[in-house]
file upload22.tsv (TSV, C-alpha atoms)
chain	number	residue	atom	x	y	z
A	26	MET	CA	45.80	-25.91	-33.79
A	27	LYS	CA	45.25	-22.25	-34.57
A	28	ALA	CA	44.28	-20.10	-31.60
A	29	VAL	CA	43.54	-16.41	-31.36
A	30	ALA	CA	43.81	-14.65	-28.00
A	31	LEU	CA	41.15	-11.93	-27.88
A	32	CYS	CA	42.55	-9.37	-25.47
A	33	ALA	CA	41.40	-6.04	-24.08
A	34	HIS	CA	44.96	-5.17	-23.07
A	35	LEU	CA	48.26	-5.45	-24.88
A	36	ASP	CA	50.13	-6.63	-21.80
A	37	LYS	CA	47.71	-9.56	-21.50
A	38	ALA	CA	48.30	-10.37	-25.18
A	39	LEU	CA	52.04	-10.47	-24.53
A	40	ALA	CA	51.45	-12.72	-21.52
A	41	PHE	CA	49.61	-15.12	-23.84
A	42	ARG	CA	52.53	-14.97	-26.24
A	43	ARG	CA	55.08	-15.73	-23.49
A	44	ARG	CA	53.20	-18.78	-22.21
A	45	LEU	CA	51.53	-20.24	-25.26
A	46	ALA	CA	54.42	-19.93	-27.67
A	47	ALA	CA	55.84	-22.92	-25.80
A	48	VAL	CA	52.80	-25.16	-26.25
A	49	PRO	CA	53.59	-27.68	-29.02
A	50	GLY	CA	51.09	-27.79	-31.84
A	51	VAL	CA	49.60	-24.36	-31.15
A	52	GLU	CA	49.86	-21.56	-33.66
A	53	LEU	CA	48.96	-18.42	-31.75
A	54	ARG	CA	47.72	-15.06	-32.96
A	55	LEU	CA	46.92	-12.10	-30.78
A	56	LEU	CA	44.14	-9.59	-31.35
A	57	VAL	CA	44.01	-6.55	-29.09
A	58	CYS	CA	40.47	-5.17	-29.18
A	59	SER	CA	40.39	-1.77	-27.57
A	60	PRO	CA	39.82	1.81	-28.64
A	61	ARG	CA	42.82	2.61	-26.43
A	62	TRP	CA	45.29	0.30	-28.12
A	63	PRO	CA	47.58	3.11	-29.41
A	64	ARG	CA	47.94	4.41	-25.85
A	65	GLN	CA	48.58	0.88	-24.58
A	66	LEU	CA	51.27	0.45	-27.20
A	67	LEU	CA	53.00	3.69	-26.24
A	68	ARG	CA	52.77	2.96	-22.53
A	69	ILE	CA	54.18	-0.53	-22.68
A	70	GLY	CA	57.60	0.84	-23.55
A	71	GLY	CA	61.03	-0.77	-23.93
A	72	GLY	CA	61.19	-4.46	-24.75
A	73	GLY	CA	57.42	-4.80	-24.83
A	74	LEU	CA	57.17	-2.16	-27.54
A	75	LEU	CA	59.87	-3.77	-29.64
A	76	LEU	CA	58.32	-7.22	-29.21
A	77	SER	CA	54.88	-5.85	-30.11
A	78	LEU	CA	56.18	-4.21	-33.25
A	79	ARG	CA	58.01	-7.38	-34.24
A	80	LEU	CA	54.88	-9.50	-33.69
A	81	TRP	CA	52.77	-6.98	-35.59
A	82	TRP	CA	55.26	-6.98	-38.48
A	83	ARG	CA	55.08	-10.79	-38.64
A	84	GLY	CA	51.30	-10.71	-38.60
A	85	THR	CA	51.07	-12.46	-35.22
A	86	LEU	CA	49.70	-9.40	-33.41
A	87	ALA	CA	46.82	-7.28	-34.67
A	88	PHE	CA	44.89	-4.37	-33.24
A	89	THR	CA	41.37	-3.11	-33.62
A	90	TRP	CA	39.40	-0.32	-31.99
A	91	ARG	CA	36.14	-1.75	-33.31
A	92	GLY	CA	33.90	-4.13	-31.41
A	93	LEU	CA	34.36	-7.86	-31.86
A	94	ASP	CA	30.93	-8.12	-33.45
A	95	HIS	CA	31.64	-5.36	-35.98
A	96	ARG	CA	31.47	-6.75	-39.50
A	97	ARG	CA	35.06	-5.76	-40.27
A	98	THR	CA	36.35	-7.41	-37.11
A	99	LEU	CA	34.31	-10.51	-37.90
A	100	HIS	CA	35.77	-10.55	-41.39
A	101	ARG	CA	39.25	-10.41	-39.91
A	102	LEU	CA	38.48	-13.15	-37.39
A	103	ARG	CA	37.15	-15.43	-40.11
A	104	ALA	CA	40.24	-14.74	-42.18
A	105	PHE	CA	42.35	-16.09	-39.31
A	106	ASP	CA	40.65	-19.46	-39.98
A	107	ALA	CA	41.26	-20.30	-36.33
A	108	ASP	CA	40.12	-23.31	-34.36
A	109	VAL	CA	39.83	-21.63	-30.98
A	110	GLY	CA	39.43	-18.16	-29.51
A	111	LEU	CA	40.74	-17.37	-26.04
A	112	HIS	CA	38.65	-14.88	-24.12
A	113	ALA	CA	40.47	-12.04	-22.39
A	114	THR	CA	38.17	-9.13	-23.11
A	115	ASP	CA	35.35	-7.60	-21.10
A	116	VAL	CA	32.58	-8.08	-23.63
A	117	ILE	CA	29.77	-10.55	-24.17
A	118	TYR	CA	30.09	-12.41	-27.43
A	119	ARG	CA	27.35	-12.67	-30.01
A	120	ARG	CA	26.69	-15.78	-31.99
A	121	ASP	CA	28.51	-14.49	-35.10
A	122	THR	CA	31.69	-13.97	-33.08
A	123	LEU	CA	31.44	-17.36	-31.40
A	124	GLU	CA	30.94	-18.99	-34.79
A	125	ALA	CA	33.99	-17.31	-36.30
A	126	PHE	CA	36.06	-20.09	-34.68
A	127	ARG	CA	35.86	-23.73	-35.72
A	128	LEU	CA	35.56	-25.06	-32.17
A	129	GLY	CA	34.45	-21.90	-30.41
A	130	ILE	CA	35.78	-19.42	-27.85
A	131	LEU	CA	37.22	-20.64	-24.55
A	132	ASN	CA	36.54	-18.80	-21.31
A	133	ALA	CA	38.58	-19.17	-18.13
A	134	HIS	CA	35.83	-18.74	-15.54
A	135	ILE	CA	36.86	-18.20	-11.92
A	136	GLY	CA	34.39	-20.70	-10.54
A	137	LEU	CA	33.96	-24.44	-10.69
A	138	LEU	CA	31.30	-25.31	-13.24
A	139	PRO	CA	28.69	-26.57	-13.51
A	140	ARG	CA	27.73	-25.55	-9.98
A	141	TYR	CA	28.99	-21.98	-9.87
A	142	ARG	CA	27.73	-19.88	-12.76
A	143	GLY	CA	27.52	-16.11	-12.94
A	144	ARG	CA	29.01	-13.40	-10.75
A	145	SER	CA	30.93	-13.42	-7.45
A	146	VAL	CA	31.26	-17.18	-7.80
A	147	MET	CA	34.54	-17.37	-5.90
A	148	GLU	CA	32.92	-15.64	-2.92
A	149	TRP	CA	29.86	-17.89	-3.16
A	150	SER	CA	32.10	-20.98	-3.18
A	151	ILE	CA	33.91	-19.80	-0.08
A	152	LEU	CA	30.70	-18.88	1.72
A	153	GLN	CA	29.25	-22.31	1.08
A	154	GLY	CA	32.37	-24.21	2.05
A	155	ASP	CA	33.10	-25.48	-1.45
A	156	PRO	CA	36.41	-25.44	-3.30
A	157	ALA	CA	37.11	-22.40	-5.45
A	158	GLY	CA	38.84	-22.71	-8.77
A	159	VAL	CA	38.94	-22.07	-12.48
A	160	THR	CA	37.00	-23.77	-15.28
A	161	VAL	CA	37.86	-23.45	-18.95
A	162	PHE	CA	34.87	-24.09	-21.17
A	163	PHE	CA	33.54	-23.22	-24.61
A	164	MET	CA	31.19	-20.30	-24.34
A	165	ASP	CA	27.72	-20.01	-25.73
A	166	GLU	CA	25.42	-17.02	-25.61
A	167	GLY	CA	24.21	-17.79	-22.09
A	168	ILE	CA	25.80	-16.99	-18.74
A	169	ASP	CA	28.42	-19.72	-18.25
A	170	THR	CA	26.11	-22.27	-19.87
A	171	GLY	CA	28.39	-23.46	-22.68
A	172	PRO	CA	28.01	-27.23	-22.61
A	173	ARG	CA	31.66	-28.30	-23.10
A	174	ILE	CA	34.14	-28.06	-20.23
A	175	VAL	CA	37.73	-28.56	-21.36
A	176	THR	CA	39.47	-28.42	-18.01
A	177	ARG	CA	38.91	-27.28	-14.45
A	178	ARG	CA	41.08	-27.01	-11.41
A	179	ALA	CA	40.37	-26.33	-7.76
A	180	VAL	CA	42.81	-23.75	-6.42
A	181	ASP	CA	44.19	-23.49	-2.91
A	182	LEU	CA	43.47	-19.97	-1.68
A	183	SER	CA	44.83	-20.46	1.81
A	184	GLY	CA	47.64	-17.97	1.20
A	185	CYS	CA	45.15	-15.25	0.29
A	186	ARG	CA	43.88	-13.12	3.15
A	187	THR	CA	41.38	-10.98	1.27
A	188	VAL	CA	38.73	-11.53	-1.36
A	189	ASP	CA	40.59	-9.24	-3.76
A	190	ALA	CA	43.83	-11.16	-3.29
A	191	ALA	CA	42.04	-14.47	-3.84
A	192	LYS	CA	40.34	-13.18	-6.97
A	193	GLY	CA	43.66	-11.86	-8.23
A	194	ARG	CA	45.14	-15.30	-7.72
A	195	LEU	CA	42.39	-16.98	-9.74
A	196	PHE	CA	42.48	-14.38	-12.51
A	197	SER	CA	46.26	-14.71	-12.73
A	198	LEU	CA	45.85	-18.36	-13.70
A	199	ASP	CA	43.93	-17.68	-16.90
A	200	VAL	CA	46.82	-17.98	-19.35
A	201	GLU	CA	48.10	-21.09	-17.60
A	202	MET	CA	44.64	-22.64	-17.71
A	203	TYR	CA	44.27	-21.81	-21.40
A	204	ALA	CA	47.60	-23.52	-22.03
A	205	GLU	CA	46.33	-26.60	-20.22
A	206	ALA	CA	43.06	-26.48	-22.15
A	207	LEU	CA	44.81	-26.25	-25.51
A	208	ALA	CA	47.09	-29.15	-24.59
A	209	ARG	CA	44.01	-31.20	-23.73
A	210	LEU	CA	42.27	-30.29	-26.96
A	211	LEU	CA	45.33	-31.54	-28.83
A	212	GLN	CA	45.21	-34.93	-27.12
A	213	PRO	CA	43.89	-37.63	-29.46
A	214	GLY	CA	40.45	-38.76	-28.42
A	215	PHE	CA	39.91	-35.91	-25.99
A	216	SER	CA	36.30	-35.47	-25.02
A	217	PRO	CA	35.04	-32.56	-22.96
A	218	LEU	CA	33.28	-32.81	-19.63
A	219	PRO	CA	29.62	-31.89	-19.70
A	220	ASN	CA	28.59	-28.58	-18.17
A	221	GLY	CA	25.53	-30.19	-16.65
A	222	PRO	CA	22.22	-28.61	-15.79
A	223	GLY	CA	22.74	-28.81	-12.00
A	224	GLY	CA	24.39	-25.42	-11.70
A	225	ARG	CA	22.86	-22.25	-10.38
A	226	ARG	CA	23.36	-18.75	-11.64
A	227	HIS	CA	24.86	-16.51	-9.01
A	228	TYR	CA	24.75	-12.73	-8.80
A	229	VAL	CA	26.80	-9.93	-7.32
A	230	MET	CA	27.30	-10.71	-3.67
A	231	SER	CA	26.26	-8.21	-1.01
A	232	ARG	CA	28.76	-6.46	1.22
A	233	LEU	CA	27.35	-8.44	4.14
A	234	PHE	CA	28.11	-11.83	2.59
A	235	THR	CA	31.36	-10.65	1.00
A	236	GLY	CA	32.55	-9.65	4.47
A	237	ILE	CA	31.70	-13.09	5.79
A	238	ALA	CA	33.48	-14.76	2.86
A	239	SER	CA	36.48	-12.58	3.53
A	240	ARG	CA	36.54	-13.64	7.18
A	241	ILE	CA	36.24	-17.30	6.19
A	242	LEU	CA	39.09	-16.81	3.74
A	243	GLY	CA	41.22	-15.35	6.49
A	244	CYS	CA	40.77	-18.57	8.45
A	245	ASP	CA	40.83	-21.35	5.92
A	246	ALA	CA	39.89	-22.32	2.37
A	247	PRO	CA	39.01	-25.74	1.04
A	248	ALA	CA	41.01	-27.09	-1.86
A	249	GLU	CA	41.11	-30.30	-3.80
A	250	ARG	CA	41.86	-31.23	-7.34
A	251	LEU	CA	38.95	-32.08	-9.60
A	252	ASP	CA	39.31	-33.87	-12.88
B	2	MET	CA	27.97	-15.53	10.15
B	3	ARG	CA	25.83	-15.16	13.24
B	4	ARG	CA	27.56	-12.03	14.40
B	5	ALA	CA	27.35	-10.46	10.96
B	6	LEU	CA	23.61	-11.14	10.78
B	7	GLU	CA	23.09	-9.79	14.31
B	8	ASP	CA	24.96	-6.62	13.42
B	9	ARG	CA	22.89	-6.25	10.27
B	10	LEU	CA	19.67	-6.79	12.21
B	11	ALA	CA	20.68	-4.04	14.64
B	12	GLU	CA	21.36	-1.76	11.69
B	13	VAL	CA	17.97	-2.54	10.19
B	14	ARG	CA	16.24	-1.84	13.49
B	15	GLY	CA	18.01	1.50	13.62
B	16	ARG	CA	16.63	2.30	10.19
B	17	GLN	CA	13.18	1.17	11.30
B	18	ALA	CA	13.38	3.49	14.28
B	19	ALA	CA	14.27	6.35	11.98
B	20	LEU	CA	11.14	5.66	9.97
B	21	ALA	CA	8.98	5.11	13.06
B	22	GLY	CA	5.75	7.03	13.06
B	23	THR	CA	5.32	6.76	9.34
B	24	PRO	CA	1.65	5.94	8.83
B	25	PRO	CA	0.84	3.06	6.50
B	26	ALA	CA	-0.15	4.55	3.18
B	27	ALA	CA	-2.64	3.16	0.73
B	28	GLY	CA	-0.88	0.78	-1.60
B	29	ALA	CA	2.24	0.82	0.52
B	30	GLY	CA	1.79	-2.70	1.77
B	31	ARG	CA	3.75	-5.65	0.60
B	32	ALA	CA	2.99	-7.38	-2.64
B	33	GLY	CA	3.54	-10.56	-0.65
B	34	VAL	CA	2.52	-13.17	-3.20
B	35	ALA	CA	5.15	-15.84	-3.65
B	36	ASP	CA	6.08	-16.70	-7.19
B	37	PRO	CA	5.31	-20.21	-8.34
B	38	ALA	CA	8.35	-22.39	-7.73
B	39	GLY	CA	9.50	-22.27	-11.32
B	40	ASP	CA	9.50	-18.49	-11.48
B	41	VAL	CA	11.65	-17.54	-8.51
B	42	GLU	CA	14.80	-17.95	-10.58
B	43	GLU	CA	13.44	-15.56	-13.16
B	44	THR	CA	12.33	-13.12	-10.46
B	45	LEU	CA	15.79	-13.28	-8.88
B	46	ARG	CA	17.36	-12.63	-12.26
B	47	SER	CA	15.07	-9.69	-12.83
B	48	VAL	CA	15.87	-8.26	-9.40
B	49	MET	CA	19.62	-8.59	-9.70
B	50	VAL	CA	20.04	-7.71	-13.36
B	51	ARG	CA	17.42	-5.01	-13.80
B	52	LEU	CA	15.54	-3.74	-10.75
B	53	TRP	CA	18.29	-3.46	-8.15
B	54	PRO	CA	20.81	-1.72	-10.45
B	55	ARG	CA	18.09	0.68	-11.59
B	56	ALA	CA	16.94	1.54	-8.08
B	57	ARG	CA	20.53	1.95	-6.94
B	58	SER	CA	21.52	4.28	-9.75
B	59	ALA	CA	18.35	6.23	-10.50
B	60	GLY	CA	16.87	6.09	-7.01
B	61	ARG	CA	13.36	7.12	-8.04
B	62	PRO	CA	10.56	6.03	-5.67
B	63	ASP	CA	8.89	4.05	-8.44
B	64	ASP	CA	12.11	2.13	-9.06
B	65	TRP	CA	12.37	1.28	-5.38
B	66	ARG	CA	8.73	0.20	-5.23
B	67	ALA	CA	9.26	-2.13	-8.20
B	68	LEU	CA	12.30	-3.60	-6.48
B	69	PHE	CA	10.51	-4.04	-3.14
B	70	ASP	CA	7.52	-5.66	-4.84
B	71	ALA	CA	9.76	-8.16	-6.64
B	72	LEU	CA	11.62	-8.90	-3.42
B	73	ASP	CA	8.35	-9.64	-1.70
B	74	ARG	CA	7.76	-12.34	-4.28
B	75	LEU	CA	11.10	-13.84	-3.22
B	76	GLU	CA	10.36	-13.80	0.50
B	77	ALA	CA	9.63	-17.52	0.81
B	78	ALA	CA	12.73	-18.41	-1.20
B	79	ALA	CA	14.79	-16.02	0.92
B	80	ARG	CA	13.94	-18.06	4.02
B	81	THR	CA	15.52	-21.21	2.54
B	82	ASP	CA	19.16	-22.20	2.70
B	83	ASP	CA	19.64	-21.08	-0.91
B	84	TRP	CA	21.25	-17.83	0.16
B	85	ARG	CA	21.14	-16.23	-3.27
B	86	PHE	CA	17.57	-15.15	-2.60
B	87	PHE	CA	18.32	-13.78	0.85
B	88	ASP	CA	21.31	-11.97	-0.60
B	89	ALA	CA	19.06	-10.12	-3.03
B	90	TRP	CA	17.48	-8.60	0.09
B	91	ASN	CA	20.92	-7.85	1.52
B	92	ASN	CA	21.90	-6.04	-1.65
B	93	ALA	CA	18.67	-4.08	-1.70
B	94	PHE	CA	19.10	-3.00	1.92
B	95	GLU	CA	22.69	-1.92	1.33
B	96	ALA	CA	21.64	0.22	-1.61
B	97	PHE	CA	18.65	1.61	0.28
B	98	ALA	CA	20.71	2.43	3.36
B	99	SER	CA	23.31	4.31	1.37
B	100	ALA	CA	20.92	7.15	0.52
B	101	ASP	CA	18.23	9.21	2.21
B	102	CYS	CA	14.78	7.73	1.98
B	103	PRO	CA	12.43	9.97	-0.07
B	104	ASP	CA	9.27	10.97	1.81
B	105	ALA	CA	7.13	9.37	-0.86
B	106	LEU	CA	8.74	6.03	-0.14
B	107	ARG	CA	8.76	5.99	3.65
B	108	ALA	CA	5.71	3.81	4.18
B	109	ARG	CA	6.76	1.27	1.56
B	110	ALA	CA	10.31	1.29	2.90
B	111	ALA	CA	9.01	0.61	6.41
B	112	ALA	CA	7.27	-2.52	5.11
B	113	PHE	CA	10.46	-3.60	3.31
B	114	LEU	CA	12.52	-3.13	6.46
B	115	ALA	CA	10.03	-5.09	8.56
B	116	THR	CA	10.19	-8.05	6.19
B	117	TYR	CA	13.96	-7.86	5.93
B	118	ALA	CA	14.26	-7.82	9.72
B	119	ALA	CA	12.02	-10.89	9.89
B	120	LEU	CA	14.23	-12.66	7.33
B	121	LEU	CA	17.35	-11.87	9.32
B	122	ALA	CA	15.70	-13.13	12.50
B	123	SER	CA	14.63	-16.28	10.70
B	124	HIS	CA	18.18	-17.02	9.53
B	125	LEU	CA	19.57	-16.26	12.97
B	126	ALA	CA	17.12	-18.72	14.47
B	127	ALA	CA	18.15	-21.35	11.93
B	128	LEU	CA	21.83	-20.77	12.74
B	129	ALA	CA	21.10	-21.08	16.46
B	130	GLU	CA	19.59	-24.52	15.84
B	131	ARG	CA	22.70	-25.80	14.13
B	132	PRO	CA	24.95	-27.96	16.25

call {"tool": "encode", "arguments": {"input": "upload22.tsv", "output": "structure tokens"}}
result
Amino acid sequence: MKAVALCAHLDKALAFRRRLAAVPGVELRLLVCSPRWPRQLLRIGGGGLLLSLRLWWRGTLAFTWRGLDHRRTLHRLRAFDADVGLHATDVIYRRDTLEAFRLGILNAHIGLLPRYRGRSVMEWSILQGDPAGVTVFFMDEGIDTGPRIVTRRAVDLSGCRTVDAAKGRLFSLDVEMYAEALARLLQPGFSPLPNGPGGRRHYVMSRLFTGIASRILGCDAPAERLD
Amino acid sequence: MRRALEDRLAEVRGRQAALAGTPPAAGAGRAGVADPAGDVEETLRSVMVRLWPRARSAGRPDDWRALFDALDRLEAAARTDDWRFFDAWNNAFEAFASADCPDALRARAAAFLATYAALLASHLAALAERP
């Protein structure tokens, strides 16, 4: 399976490389999409710089300062002939970008779909006494409405004392969750879970409710595995 | 939760006191008409994606009035246990309280604060009824 990690930062691209190079059956390419990529390359220094140059020389790592929906970027994405894109940028994808991949682009969303769509979903889960977690699903043009969930996992946040720490924990799982998702996609007969219509779109949480979620987090956090 | 809502209610009442004596102005009243059930989601989306960010960043009286009017259409939903609607009011208050209230907005803001205080009281009453 050919996968392309679409990254806003070079260090994230290298994290993908470290983890996903070990997944059997996955041929990984890395595309760093940022107008600041030269600065990122210079800042990474030492072994990271050497590794980046080696990957670039082999054609595994590429850079662009253009948007993902720019025609030249799209041309490059199509030339990759990839099955799956892995989202690690901060942009919203247009249809042309989504369709540049045979299966689509995966998103590691820090909420448990289908219930928790949108923003501040970890905080909303905590406030409502539900498990928090990560869902990997194929994106569409809507807000977390892509109909195919590849994997999801509730995450124990009991060691996290603040909302920021808890969010950091969930975000840190993205590469691991993508690895799990790719392994599932490679399983014969795999069929995705439906991202059903029962979910609600959530929005940026107020300071009032975020403070309450933070206090709840300081006391306890529900966790269970969903599959 | 209860203590946080009580603290917020006290803060709102402080703001109301600061605006006390503002006479009701023509057209300053609440829009007050609830959206049909199917439209509250769209109104919430409009508030959180468009109206609240605009009022918060630009801060023009007309932007605030548009936000307050849309919130009024969410009042009934904000009394339910779907806290997303109530939280739109929380967000609006937090943005409103972070800046000085323009004179042109005082009467409309007083109506907004009165409704928000009633919502807080309603949720506190519901919490008090829980075992």

call {"tool": "closest_atom_pairs", "arguments": {"input": "upload22.tsv", "of": "range 66-184 of chain A", "to": "range 232-245 of chain A", "cutoff": "8 Å", "atoms": "all atoms listed in the file", "output": "tab-separated table"}}
result
residue	atom	partner	partner_atom	distance
A:Glu148	CA	A:Ala238	CA	5.9
A:Trp149	CA	A:Ala238	CA	7.7
A:Ile151	CA	A:Ala238	CA	5.9
A:Leu152	CA	A:Ala238	CA	5.1
A:Leu182	CA	A:Leu242	CA	7.7
A:Ser183	CA	A:Asp245	CA	5.8

call {"tool": "write_last_selection", "arguments": {"input": "upload22.tsv", "atoms": "C-alpha atoms", "output": "mmCIF file, in the coordinates of the input"}}
result
data_model
loop_
_atom_site.group_PDB
_atom_site.id
_atom_site.type_symbol
_atom_site.label_atom_id
_atom_site.label_comp_id
_atom_site.auth_asym_id
_atom_site.auth_seq_id
_atom_site.Cartn_x
_atom_site.Cartn_y
_atom_site.Cartn_z
ATOM 1 C CA GLU A 148 32.920 -15.640 -2.920
ATOM 2 C CA TRP A 149 29.860 -17.890 -3.160
ATOM 3 C CA ILE A 151 33.910 -19.800 -0.080
ATOM 4 C CA LEU A 152 30.700 -18.880 1.720
ATOM 5 C CA LEU A 182 43.470 -19.970 -1.680
ATOM 6 C CA SER A 183 44.830 -20.460 1.810
#

call {"tool": "closest_residue", "arguments": {"input": "upload22.tsv", "among": "A:Leu123, A:Ala113, A:Ala206, A:Val146", "to": "Gly167 in chain A", "atoms": "all atoms listed in the file"}}
result
A:Leu123

call {"tool": "atom_distance", "arguments": {"input": "upload22.tsv", "atom1": "CA of Arg97 in chain A", "atom2": "CA of Thr122 in chain A"}}
result
11.4 Å

call {"tool": "interface_residues", "arguments": {"input": "upload22.tsv", "of": "chain B", "to": "chain A", "cutoff": "8 Å", "atoms": "only C-alpha atoms", "output": "JSON, numbers by chain"}}
result
{"B": [2, 5, 9, 49, 85, 88, 89, 91, 92, 95]}

call {"tool": "residues_around", "arguments": {"input": "upload22.tsv", "residues": "Ala67 in chain B", "least_positions_apart": "5", "cutoff": "9 Å", "atoms": "only C-alpha atoms", "output": "ChimeraX atom specification"}}
result
/B:52,56,62,72

call {"tool": "atom_distance", "arguments": {"input": "upload22.tsv", "atom1": "CA of Ala179 in chain A", "atom2": "CA of Pro49 in chain A"}}
result
25.1 Å

call {"tool": "atom_distance", "arguments": {"input": "upload22.tsv", "atom1": "CA of Arg140 in chain A", "atom2": "CA of Leu75 in chain B"}}
result
21.4 Å

call {"tool": "residues_around", "arguments": {"input": "upload22.tsv", "residues": "Gly50 in chain A", "least_positions_apart": "6", "cutoff": "12 Å", "atoms": "all atoms listed in the file", "output": "MDAnalysis selection string"}}
result
chainID A and resid 26:28 204 207:212

call {"tool": "residues_around", "arguments": {"input": "upload22.tsv", "residues": "range 53-57 of chain A", "least_positions_apart": "5", "cutoff": "12 Å", "atoms": "all atoms listed in the file", "output": "VMD selection string"}}
result
chain A and resid 26 to 48 62 to 63 65 to 66 77 80 to 81 83 to 93 98 to 99 101 to 102 104 to 115 203 to 204 207

call {"tool": "closest_residue", "arguments": {"input": "upload22.tsv", "among": "A:Pro156, A:Gly193, A:Pro172, A:Gly73", "to": "Ser216 in chain A", "atoms": "only C-alpha atoms"}}
result
A:Pro172

call {"tool": "residues_around", "arguments": {"input": "upload22.tsv", "residues": "Asn220 in chain A", "least_positions_apart": "2", "cutoff": "12 Å", "atoms": "all atoms listed in the file", "output": "ChimeraX atom specification"}}
result
/A:137-142,160-165,168-177,217-218,222-225

call {"tool": "closest_residue", "arguments": {"input": "upload22.tsv", "among": "B:Ala126, B:Ala59, B:Leu120, B:Ala71", "to": "Ala100 in chain B", "atoms": "all atoms listed in the file"}}
result
B:Ala59

call {"tool": "closest_residue", "arguments": {"input": "upload22.tsv", "among": "B:Ala21, B:Leu6, B:Arg51, B:Asp64", "to": "Ala115 in chain B", "atoms": "all atoms listed in the file"}}
result
B:Ala21

call {"tool": "closest_residue", "arguments": {"input": "upload22.tsv", "among": "A:Cys185, A:Ala125, A:Leu74, A:Val200", "to": "Arg103 in chain A", "atoms": "only C-alpha atoms"}}
result
A:Ala125

call {"tool": "decode", "arguments": {"input": "upload22.tsv", "residues": "range 197-209 of chain A", "atoms": "C-alpha atoms", "output": "PDB file, in the first residue's frame"}}
result
ATOM      1  CA  SER A 197       0.917  12.536  20.282  1.00  0.00           C
ATOM      2  CA  LEU A 198      -0.883   9.336  19.308  1.00  0.00           C
ATOM      3  CA  ASP A 199      -1.538  10.355  15.718  1.00  0.00           C
ATOM      4  CA  VAL A 200       1.356   8.510  14.080  1.00  0.00           C
ATOM      5  CA  GLU A 201       0.665   5.408  16.148  1.00  0.00           C
ATOM      6  CA  MET A 202      -3.003   5.526  15.203  1.00  0.00           C
ATOM      7  CA  TYR A 203      -2.147   5.942  11.525  1.00  0.00           C
ATOM      8  CA  ALA A 204       0.095   2.881  11.784  1.00  0.00           C
ATOM      9  CA  GLU A 205      -2.794   0.934  13.280  1.00  0.00           C
ATOM     10  CA  ALA A 206      -5.152   2.209  10.581  1.00  0.00           C
ATOM     11  CA  LEU A 207      -2.805   1.213   7.763  1.00  0.00           C
ATOM     12  CA  ALA A 208      -2.353  -2.243   9.283  1.00  0.00           C
ATOM     13  CA  ARG A 209      -6.131  -2.617   9.376  1.00  0.00           C
TER      14      ARG A 209
END
